[in-house]
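*Asks:* Contents of input-v4.pdb (PDB, C-alpha atoms):
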```pdb
MODEL        1
ATOM      1  CA  MET H   1     -43.888  83.846 128.454  1.00  0.00           C
ATOM      2  CA  LYS H   2     -45.724  80.850 129.914  1.00  0.00           C
ATOM      3  CA  LYS H   3     -46.420  79.670 126.410  1.00  0.00           C
ATOM      4  CA  ILE H   4     -42.681  79.679 125.487  1.00  0.00           C
ATOM      5  CA  VAL H   5     -41.690  77.855 128.677  1.00  0.00           C
ATOM      6  CA  PHE H   6     -44.410  75.266 128.096  1.00  0.00           C
ATOM      7  CA  ILE H   7     -43.318  74.699 124.469  1.00  0.00           C
ATOM      8  CA  ALA H   8     -39.651  74.473 125.517  1.00  0.00           C
ATOM      9  CA  ALA H   9     -40.538  71.949 128.226  1.00  0.00           C
ATOM     10  CA  LEU H  10     -42.629  69.959 125.772  1.00  0.00           C
ATOM     11  CA  VAL H  11     -39.804  69.896 123.211  1.00  0.00           C
ATOM     12  CA  PHE H  12     -37.349  68.802 125.919  1.00  0.00           C
ATOM     13  CA  VAL H  13     -39.599  65.969 127.111  1.00  0.00           C
ATOM     14  CA  CYS H  14     -40.336  64.789 123.552  1.00  0.00           C
ATOM     15  CA  SER H  15     -36.675  64.835 122.538  1.00  0.00           C
ATOM     16  CA  PHE H  16     -35.718  62.956 125.714  1.00  0.00           C
ATOM     17  CA  CYS H  17     -38.296  60.263 124.942  1.00  0.00           C
ATOM     18  CA  MET H  18     -37.094  59.894 121.358  1.00  0.00           C
ATOM     19  CA  LEU H  19     -33.443  59.545 122.336  1.00  0.00           C
ATOM     20  CA  GLN H  20     -34.018  56.605 124.635  1.00  0.00           C
ATOM     21  CA  PRO H  21     -32.114  53.546 123.433  1.00  0.00           C
ATOM     22  CA  CYS H  22     -34.231  50.664 122.347  1.00  0.00           C
ATOM     23  CA  ARG H  23     -33.060  47.119 122.696  1.00  0.00           C
ATOM     24  CA  ALA H  24     -33.393  44.447 120.073  1.00  0.00           C
ATOM     25  CA  ASP H  25     -32.509  40.809 120.158  1.00  0.00           C
ATOM     26  CA  VAL H  26     -30.965  38.777 117.373  1.00  0.00           C
ATOM     27  CA  GLU H  27     -32.340  35.366 116.663  1.00  0.00           C
ATOM     28  CA  TRP H  28     -30.041  32.845 115.022  1.00  0.00           C
ATOM     29  CA  THR H  29     -30.178  29.272 113.852  1.00  0.00           C
ATOM     30  CA  LEU H  30     -27.227  27.053 112.973  1.00  0.00           C
ATOM     31  CA  LYS H  31     -27.725  26.379 109.279  1.00  0.00           C
ATOM     32  CA  LYS H  32     -25.017  23.799 108.747  1.00  0.00           C
ATOM     33  CA  GLN H  33     -21.686  22.668 110.118  1.00  0.00           C
ATOM     34  CA  LEU H  34     -19.026  21.300 107.802  1.00  0.00           C
ATOM     35  CA  ALA H  35     -16.464  18.733 108.871  1.00  0.00           C
ATOM     36  CA  MET H  36     -13.128  19.545 107.219  1.00  0.00           C
ATOM     37  CA  ASP H  37     -10.217  17.189 106.571  1.00  0.00           C
ATOM     38  CA  SER H  38      -7.745  19.938 107.473  1.00  0.00           C
ATOM     39  CA  SER H  39      -7.915  23.227 109.376  1.00  0.00           C
ATOM     40  CA  PRO H  40      -9.375  26.097 107.335  1.00  0.00           C
ATOM     41  CA  LEU H  41      -7.055  29.109 107.137  1.00  0.00           C
ATOM     42  CA  ASP H  42      -9.464  31.471 105.379  1.00  0.00           C
ATOM     43  CA  ILE H  43     -12.896  31.385 103.752  1.00  0.00           C
ATOM     44  CA  ALA H  44     -14.586  33.356 100.950  1.00  0.00           C
ATOM     45  CA  LEU H  45     -18.061  33.084  99.449  1.00  0.00           C
ATOM     46  CA  SER H  46     -19.138  33.784  95.881  1.00  0.00           C
ATOM     47  CA  THR H  47     -21.541  36.686  95.462  1.00  0.00           C
ATOM     48  CA  ASP H  48     -24.456  34.457  94.510  1.00  0.00           C
ATOM     49  CA  GLY H  49     -23.741  32.075  97.389  1.00  0.00           C
ATOM     50  CA  GLN H  50     -23.289  29.132  95.003  1.00  0.00           C
ATOM     51  CA  TRP H  51     -19.654  28.420  95.933  1.00  0.00           C
ATOM     52  CA  MET H  52     -17.677  28.593  99.138  1.00  0.00           C
ATOM     53  CA  PHE H  53     -13.891  28.721  98.867  1.00  0.00           C
ATOM     54  CA  VAL H  54     -11.939  27.293 101.791  1.00  0.00           C
ATOM     55  CA  LEU H  55      -8.176  27.843 101.988  1.00  0.00           C
ATOM     56  CA  ALA H  56      -6.535  24.893 103.715  1.00  0.00           C
ATOM     57  CA  SER H  57      -2.869  23.997 103.953  1.00  0.00           C
ATOM     58  CA  GLY H  58      -1.670  23.407 100.392  1.00  0.00           C
ATOM     59  CA  GLU H  59      -5.036  23.717  98.621  1.00  0.00           C
ATOM     60  CA  VAL H  60      -8.195  25.711  98.034  1.00  0.00           C
ATOM     61  CA  LEU H  61     -11.363  23.653  98.364  1.00  0.00           C
ATOM     62  CA  ILE H  62     -14.292  24.676  96.183  1.00  0.00           C
ATOM     63  CA  TYR H  63     -17.452  23.717  98.002  1.00  0.00           C
ATOM     64  CA  SER H  64     -20.792  23.691  96.176  1.00  0.00           C
ATOM     65  CA  THR H  65     -23.556  24.886  98.472  1.00  0.00           C
ATOM     66  CA  ALA H  66     -26.208  23.459  96.130  1.00  0.00           C
ATOM     67  CA  ASP H  67     -24.636  19.971  95.998  1.00  0.00           C
ATOM     68  CA  ASP H  68     -23.418  20.147  99.618  1.00  0.00           C
ATOM     69  CA  LYS H  69     -19.965  18.770  98.768  1.00  0.00           C
ATOM     70  CA  VAL H  70     -16.453  19.674  97.676  1.00  0.00           C
ATOM     71  CA  ILE H  71     -16.502  19.774  93.866  1.00  0.00           C
ATOM     72  CA  ASN H  72     -12.893  20.717  93.157  1.00  0.00           C
ATOM     73  CA  ARG H  73      -9.495  21.370  94.735  1.00  0.00           C
ATOM     74  CA  ILE H  74      -6.909  23.903  93.584  1.00  0.00           C
ATOM     75  CA  PRO H  75      -3.340  23.105  94.700  1.00  0.00           C
ATOM     76  CA  VAL H  76      -1.398  26.051  96.157  1.00  0.00           C
ATOM     77  CA  ASP H  77       1.842  26.354  98.063  1.00  0.00           C
ATOM     78  CA  GLU H  78       1.529  25.713 101.801  1.00  0.00           C
ATOM     79  CA  SER H  79       2.764  29.233 102.593  1.00  0.00           C
ATOM     80  CA  PHE H  80      -0.469  30.808 101.308  1.00  0.00           C
ATOM     81  CA  ASP H  81      -2.581  31.990 104.231  1.00  0.00           C
ATOM     82  CA  LYS H  82      -5.112  34.556 102.936  1.00  0.00           C
ATOM     83  CA  LEU H  83      -8.012  34.174 100.510  1.00  0.00           C
ATOM     84  CA  SER H  84     -10.316  36.673  98.824  1.00  0.00           C
ATOM     85  CA  TYR H  85     -12.864  36.494  95.994  1.00  0.00           C
ATOM     86  CA  SER H  86     -13.425  39.136  93.319  1.00  0.00           C
ATOM     87  CA  ALA H  87     -16.919  38.895  91.851  1.00  0.00           C
ATOM     88  CA  ALA H  88     -16.147  41.490  89.164  1.00  0.00           C
ATOM     89  CA  ASP H  89     -13.939  39.118  87.195  1.00  0.00           C
ATOM     90  CA  ASN H  90     -14.667  35.794  88.970  1.00  0.00           C
ATOM     91  CA  THR H  91     -11.153  35.548  90.383  1.00  0.00           C
ATOM     92  CA  LEU H  92      -9.737  34.058  93.561  1.00  0.00           C
ATOM     93  CA  LEU H  93      -6.887  35.993  95.161  1.00  0.00           C
ATOM     94  CA  VAL H  94      -4.634  33.803  97.293  1.00  0.00           C
ATOM     95  CA  ALA H  95      -1.897  35.560  99.265  1.00  0.00           C
ATOM     96  CA  SER H  96       1.181  34.510 101.201  1.00  0.00           C
ATOM     97  CA  ARG H  97       2.345  36.996 103.806  1.00  0.00           C
ATOM     98  CA  ALA H  98       5.568  35.092 104.433  1.00  0.00           C
ATOM     99  CA  GLY H  99       6.369  34.667 100.732  1.00  0.00           C
ATOM    100  CA  LYS H 100       5.128  38.167  99.817  1.00  0.00           C
ATOM    101  CA  THR H 101       3.179  36.628  96.934  1.00  0.00           C
ATOM    102  CA  VAL H 102      -0.332  36.961  95.539  1.00  0.00           C
ATOM    103  CA  LYS H 103      -1.812  34.479  93.052  1.00  0.00           C
ATOM    104  CA  LEU H 104      -4.825  35.342  90.928  1.00  0.00           C
ATOM    105  CA  VAL H 105      -6.819  32.253  89.960  1.00  0.00           C
ATOM    106  CA  GLN H 106      -9.398  32.759  87.200  1.00  0.00           C
ATOM    107  CA  LEU H 107     -12.544  30.670  87.707  1.00  0.00           C
ATOM    108  CA  ASP H 108     -14.666  29.565  84.780  1.00  0.00           C
ATOM    109  CA  THR H 109     -17.854  27.532  84.966  1.00  0.00           C
ATOM    110  CA  VAL H 110     -17.838  24.417  82.802  1.00  0.00           C
ATOM    111  CA  TYR H 111     -21.197  22.897  81.986  1.00  0.00           C
ATOM    112  CA  LYS H 112     -21.239  19.167  81.320  1.00  0.00           C
ATOM    113  CA  PHE H 113     -23.931  17.628  79.197  1.00  0.00           C
ATOM    114  CA  SER H 114     -24.443  14.298  77.472  1.00  0.00           C
ATOM    115  CA  LEU H 115     -24.061  13.948  73.728  1.00  0.00           C
ATOM    116  CA  ASP H 116     -25.327  10.365  73.721  1.00  0.00           C
ATOM    117  CA  GLY H 117     -27.614   9.644  70.802  1.00  0.00           C
ATOM    118  CA  LEU H 118     -26.859  12.907  68.977  1.00  0.00           C
ATOM    119  CA  PRO H 119     -25.478  12.967  65.413  1.00  0.00           C
ATOM    120  CA  PHE H 120     -21.751  13.627  65.062  1.00  0.00           C
ATOM    121  CA  ILE H 121     -18.996  13.846  62.460  1.00  0.00           C
ATOM    122  CA  GLY H 122     -15.570  12.348  63.110  1.00  0.00           C
ATOM    123  CA  PRO H 123     -14.219   9.711  65.458  1.00  0.00           C
ATOM    124  CA  GLU H 124     -16.102   8.987  68.693  1.00  0.00           C
ATOM    125  CA  ASN H 125     -12.931   9.175  70.805  1.00  0.00           C
ATOM    126  CA  ALA H 126     -11.707  12.540  69.465  1.00  0.00           C
ATOM    127  CA  PRO H 127      -9.719  14.556  72.056  1.00  0.00           C
ATOM    128  CA  VAL H 128     -11.844  17.655  71.364  1.00  0.00           C
ATOM    129  CA  THR H 129     -15.580  17.884  70.834  1.00  0.00           C
ATOM    130  CA  ILE H 130     -17.132  20.962  69.284  1.00  0.00           C
ATOM    131  CA  THR H 131     -20.852  21.218  69.805  1.00  0.00           C
ATOM    132  CA  VAL H 132     -22.983  23.627  67.808  1.00  0.00           C
ATOM    133  CA  PHE H 133     -26.333  24.847  69.089  1.00  0.00           C
ATOM    134  CA  SER H 134     -28.293  26.639  66.420  1.00  0.00           C
ATOM    135  CA  ASP H 135     -31.765  27.721  65.431  1.00  0.00           C
ATOM    136  CA  TYR H 136     -32.766  27.824  61.788  1.00  0.00           C
ATOM    137  CA  GLN H 137     -35.403  30.502  62.345  1.00  0.00           C
TER     138      GLN H 137
ENDMDL
END
```
I need this file expressed as structure tokens, please.
*Replies:*
Amino acid sequence: MKKIVFIAALVFVCSFCMLQPCRADVEWTLKKQLAMDSSPLDIALSTDGQWMFVLASGEVLIYSTADDKVINRIPVDESFDKLSYSAADNTLLVASRAGKTVKLVQLDTVYKFSLDGLPFIGPENAPVTITVFSDYQ
């Protein structure tokens, strides 16, 4: 009987010790602060952290975290007040509660590169340039 009481007391003491809350602190550092031309209404971040989308009155600012600057602006109606990003299909969803409207904006990455000094066929000032990358092996 003493053995059972001792084991029960030991289990009670051990479980009481394990259930004690432990405290942890959170350390933080301000990484960056952006000065905006207009008040941000909503913010979304791309999954890879490369782009930050800021909904302001009448536009969506596309901010490049790598270049540390606004790289593009998408005009939207001033009634739009909510922003979300879908990584699955690289789409911005901009919503207007007042107008009961949602716009889906498809984002595509365009890579710019110089064709200076490369052979070409056709006029230099053609409105469209088709570039072929190939490997003969």
*Asks:* For this structure, which residues satisfy the selection - the PyMOL selection byres ((chain H and resi 95) around 9) - when it is evaluated on the file as given? I want them as a CSV table (one decimal) with C-alpha atoms, in the frame of the given file.
*Replies:*
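Listed below is the output, out-v1.csv:
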```csv
chain,number,residue,atom,x,y,z
H,79,SER,CA,2.8,29.2,102.6
H,80,PHE,CA,-0.5,30.8,101.3
H,81,ASP,CA,-2.6,32.0,104.2
H,82,LYS,CA,-5.1,34.6,102.9
H,83,LEU,CA,-8.0,34.2,100.5
H,84,SER,CA,-10.3,36.7,98.8
H,93,LEU,CA,-6.9,36.0,95.2
H,94,VAL,CA,-4.6,33.8,97.3
H,96,SER,CA,1.2,34.5,101.2
H,97,ARG,CA,2.3,37.0,103.8
H,99,GLY,CA,6.4,34.7,100.7
H,100,LYS,CA,5.1,38.2,99.8
H,101,THR,CA,3.2,36.6,96.9
H,102,VAL,CA,-0.3,37.0,95.5
H,103,LYS,CA,-1.8,34.5,93.1
H,104,LEU,CA,-4.8,35.3,90.9
```
*Asks:* When the PyMOL selection byres ((chain H and resi 60-66) around 10) is applied to the structure above, which residues does it catch, written out as a PDB file with C-alpha atoms, in the frame of the given file?
*Replies:*
```pdb
ATOM      1  CA  MET H  36     -13.128  19.545 107.219  1.00  0.00           C
ATOM      2  CA  PRO H  40      -9.375  26.097 107.335  1.00  0.00           C
ATOM      3  CA  LEU H  41      -7.055  29.109 107.137  1.00  0.00           C
ATOM      4  CA  ASP H  42      -9.464  31.471 105.379  1.00  0.00           C
ATOM      5  CA  ILE H  43     -12.896  31.385 103.752  1.00  0.00           C
ATOM      6  CA  ALA H  44     -14.586  33.356 100.950  1.00  0.00           C
ATOM      7  CA  LEU H  45     -18.061  33.084  99.449  1.00  0.00           C
ATOM      8  CA  GLY H  49     -23.741  32.075  97.389  1.00  0.00           C
ATOM      9  CA  GLN H  50     -23.289  29.132  95.003  1.00  0.00           C
ATOM     10  CA  TRP H  51     -19.654  28.420  95.933  1.00  0.00           C
ATOM     11  CA  MET H  52     -17.677  28.593  99.138  1.00  0.00           C
ATOM     12  CA  PHE H  53     -13.891  28.721  98.867  1.00  0.00           C
ATOM     13  CA  VAL H  54     -11.939  27.293 101.791  1.00  0.00           C
ATOM     14  CA  LEU H  55      -8.176  27.843 101.988  1.00  0.00           C
ATOM     15  CA  ALA H  56      -6.535  24.893 103.715  1.00  0.00           C
ATOM     16  CA  SER H  57      -2.869  23.997 103.953  1.00  0.00           C
ATOM     17  CA  GLY H  58      -1.670  23.407 100.392  1.00  0.00           C
ATOM     18  CA  GLU H  59      -5.036  23.717  98.621  1.00  0.00           C
ATOM     19  CA  ASP H  67     -24.636  19.971  95.998  1.00  0.00           C
ATOM     20  CA  ASP H  68     -23.418  20.147  99.618  1.00  0.00           C
ATOM     21  CA  LYS H  69     -19.965  18.770  98.768  1.00  0.00           C
ATOM     22  CA  VAL H  70     -16.453  19.674  97.676  1.00  0.00           C
ATOM     23  CA  ILE H  71     -16.502  19.774  93.866  1.00  0.00           C
ATOM     24  CA  ASN H  72     -12.893  20.717  93.157  1.00  0.00           C
ATOM     25  CA  ARG H  73      -9.495  21.370  94.735  1.00  0.00           C
ATOM     26  CA  ILE H  74      -6.909  23.903  93.584  1.00  0.00           C
ATOM     27  CA  PRO H  75      -3.340  23.105  94.700  1.00  0.00           C
ATOM     28  CA  VAL H  76      -1.398  26.051  96.157  1.00  0.00           C
ATOM     29  CA  PHE H  80      -0.469  30.808 101.308  1.00  0.00           C
ATOM     30  CA  LEU H  83      -8.012  34.174 100.510  1.00  0.00           C
ATOM     31  CA  LEU H  92      -9.737  34.058  93.561  1.00  0.00           C
ATOM     32  CA  VAL H  94      -4.634  33.803  97.293  1.00  0.00           C
TER      33      VAL H  94
END
```
*Asks:* Write out as a ChimeraX atom specification each polymer residue whose atoms come within 12 Å of H:Thr131, counting all atoms listed in the file; drop sequence neighbours fewer than 6 positions from it.
*Replies:* /H:112-115,118-121
*Asks:* In Å, with one decimal, what is the gap from atom CA of H:Asp89 to atom CA of H:Gln106?
*Replies:*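 That distance, rounded to one decimal, is 7.8 Å.
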*Asks:* Rounded to one decimal in Å, what is the spacing between atom CA of H:Ser46 and atom CA of H:Asn90?
*Replies:* 8.5 Å
*Asks:* Enter the distance from atom CA of H:Glu78 to atom CA of H:Ala98, in Å, rounded to one decimal.
*Replies:*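 Between atom CA of H:Glu78 and atom CA of H:Ala98 the gap works out to 10.5 Å.
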*Asks:* So, counting only C-alpha atoms, which residue among H:Thr129, H:Thr109, H:Thr47, H:Gln137 is closest to H:Ala87?
*Replies:*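 Of the candidates, the smallest distance to H:Ala87 is held by H:Thr47.
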*Asks:* Enclose stretch 27-32 of chain H, meaning all of its atoms listed in the file, in a box aligned along x, y and z, pad it by 6 Å on each side, and list the centre and edge lengths in Å to one decimal, as JSON.
*Replies:*
```
{"center_x": -28.7, "center_y": 29.6, "center_z": 112.7, "size_x": 19.3, "size_y": 23.6, "size_z": 19.9}
```
*Asks:* Please rebuild stretch 57-90 of chain H with N, CA and C atoms and give the result as a JSON list (two decimals), keeping the file's coordinate frame.
*Replies:*
```
[["chain", "number", "residue", "atom", "x", "y", "z"],
["H", 57, "SER", "N", -4.30, 24.11, 104.18],
["H", 57, "SER", "CA", -2.87, 24.00, 103.95],
["H", 57, "SER", "C", -2.59, 23.28, 102.64],
["H", 58, "GLY", "N", -2.05, 24.00, 101.66],
["H", 58, "GLY", "CA", -1.67, 23.41, 100.39],
["H", 58, "GLY", "C", -2.76, 23.31, 99.34],
["H", 59, "GLU", "N", -3.98, 23.80, 99.62],
["H", 59, "GLU", "CA", -5.04, 23.72, 98.62],
["H", 59, "GLU", "C", -6.19, 24.67, 98.95],
["H", 60, "VAL", "N", -6.95, 24.97, 97.89],
["H", 60, "VAL", "CA", -8.20, 25.71, 98.03],
["H", 60, "VAL", "C", -9.30, 24.74, 97.68],
["H", 61, "LEU", "N", -10.23, 24.53, 98.60],
["H", 61, "LEU", "CA", -11.36, 23.65, 98.36],
["H", 61, "LEU", "C", -12.52, 24.48, 97.81],
["H", 62, "ILE", "N", -13.11, 24.01, 96.73],
["H", 62, "ILE", "CA", -14.29, 24.68, 96.18],
["H", 62, "ILE", "C", -15.49, 23.84, 96.59],
["H", 63, "TYR", "N", -16.31, 24.41, 97.44],
["H", 63, "TYR", "CA", -17.45, 23.72, 98.00],
["H", 63, "TYR", "C", -18.72, 24.24, 97.34],
["H", 64, "SER", "N", -19.52, 23.33, 96.79],
["H", 64, "SER", "CA", -20.79, 23.69, 96.18],
["H", 64, "SER", "C", -21.87, 23.68, 97.25],
["H", 65, "THR", "N", -22.49, 24.83, 97.48],
["H", 65, "THR", "CA", -23.56, 24.89, 98.47],
["H", 65, "THR", "C", -24.82, 24.18, 97.98],
["H", 66, "ALA", "N", -25.03, 24.14, 96.67],
["H", 66, "ALA", "CA", -26.21, 23.46, 96.13],
["H", 66, "ALA", "C", -26.07, 21.94, 96.25],
["H", 67, "ASP", "N", -24.87, 21.42, 95.94],
["H", 67, "ASP", "CA", -24.64, 19.97, 96.00],
["H", 67, "ASP", "C", -24.20, 19.50, 97.38],
["H", 68, "ASP", "N", -23.85, 20.44, 98.25],
["H", 68, "ASP", "CA", -23.42, 20.15, 99.62],
["H", 68, "ASP", "C", -22.19, 19.24, 99.66],
["H", 69, "LYS", "N", -21.20, 19.56, 98.79],
["H", 69, "LYS", "CA", -19.96, 18.77, 98.77],
["H", 69, "LYS", "C", -18.85, 19.56, 98.11],
["H", 70, "VAL", "N", -17.62, 19.09, 98.33],
["H", 70, "VAL", "CA", -16.45, 19.67, 97.68],
["H", 70, "VAL", "C", -16.45, 19.20, 96.23],
["H", 71, "ILE", "N", -16.44, 20.15, 95.28],
["H", 71, "ILE", "CA", -16.50, 19.77, 93.87],
["H", 71, "ILE", "C", -15.15, 19.88, 93.17],
["H", 72, "ASN", "N", -14.20, 20.59, 93.79],
["H", 72, "ASN", "CA", -12.89, 20.72, 93.16],
["H", 72, "ASN", "C", -11.87, 21.18, 94.19],
["H", 73, "ARG", "N", -10.61, 20.95, 93.88],
["H", 73, "ARG", "CA", -9.49, 21.37, 94.74],
["H", 73, "ARG", "C", -8.45, 22.04, 93.86],
["H", 74, "ILE", "N", -7.95, 23.18, 94.30],
["H", 74, "ILE", "CA", -6.91, 23.90, 93.58],
["H", 74, "ILE", "C", -5.64, 23.82, 94.43],
["H", 75, "PRO", "N", -4.58, 23.18, 93.91],
["H", 75, "PRO", "CA", -3.34, 23.10, 94.70],
["H", 75, "PRO", "C", -2.64, 24.46, 94.76],
["H", 76, "VAL", "N", -2.18, 24.83, 95.95],
["H", 76, "VAL", "CA", -1.40, 26.05, 96.16],
["H", 76, "VAL", "C", -0.26, 25.70, 97.11],
["H", 77, "ASP", "N", 0.73, 26.55, 97.15],
["H", 77, "ASP", "CA", 1.84, 26.35, 98.06],
["H", 77, "ASP", "C", 1.35, 26.46, 99.51],
["H", 78, "GLU", "N", 1.96, 25.74, 100.40],
["H", 78, "GLU", "CA", 1.53, 25.71, 101.80],
["H", 78, "GLU", "C", 1.74, 27.04, 102.53],
["H", 79, "SER", "N", 2.53, 27.94, 101.94],
["H", 79, "SER", "CA", 2.76, 29.23, 102.59],
["H", 79, "SER", "C", 1.60, 30.20, 102.41],
["H", 80, "PHE", "N", 0.66, 29.91, 101.53],
["H", 80, "PHE", "CA", -0.47, 30.81, 101.31],
["H", 80, "PHE", "C", -1.42, 30.75, 102.49],
["H", 81, "ASP", "N", -1.80, 31.94, 103.00],
["H", 81, "ASP", "CA", -2.58, 31.99, 104.23],
["H", 81, "ASP", "C", -3.76, 32.96, 104.19],
["H", 82, "LYS", "N", -4.02, 33.58, 103.05],
["H", 82, "LYS", "CA", -5.11, 34.56, 102.94],
["H", 82, "LYS", "C", -5.85, 34.33, 101.64],
["H", 83, "LEU", "N", -7.18, 34.45, 101.68],
["H", 83, "LEU", "CA", -8.01, 34.17, 100.51],
["H", 83, "LEU", "C", -9.05, 35.27, 100.36],
["H", 84, "SER", "N", -9.29, 35.68, 99.12],
["H", 84, "SER", "CA", -10.32, 36.67, 98.82],
["H", 84, "SER", "C", -10.94, 36.32, 97.48],
["H", 85, "TYR", "N", -12.17, 36.78, 97.25],
["H", 85, "TYR", "CA", -12.86, 36.49, 95.99],
["H", 85, "TYR", "C", -13.30, 37.80, 95.36],
["H", 86, "SER", "N", -13.01, 37.96, 94.07],
["H", 86, "SER", "CA", -13.42, 39.14, 93.32],
["H", 86, "SER", "C", -14.56, 38.74, 92.39],
["H", 87, "ALA", "N", -15.75, 39.23, 92.67],
["H", 87, "ALA", "CA", -16.92, 38.90, 91.85],
["H", 87, "ALA", "C", -16.87, 39.59, 90.49],
["H", 88, "ALA", "N", -16.18, 40.72, 90.41],
["H", 88, "ALA", "CA", -16.15, 41.49, 89.16],
["H", 88, "ALA", "C", -15.59, 40.68, 88.01],
["H", 89, "ASP", "N", -14.54, 39.92, 88.27],
["H", 89, "ASP", "CA", -13.94, 39.12, 87.20],
["H", 89, "ASP", "C", -13.84, 37.63, 87.56],
["H", 90, "ASN", "N", -14.61, 37.20, 88.57],
["H", 90, "ASN", "CA", -14.67, 35.79, 88.97],
["H", 90, "ASN", "C", -13.27, 35.23, 89.24]]
```
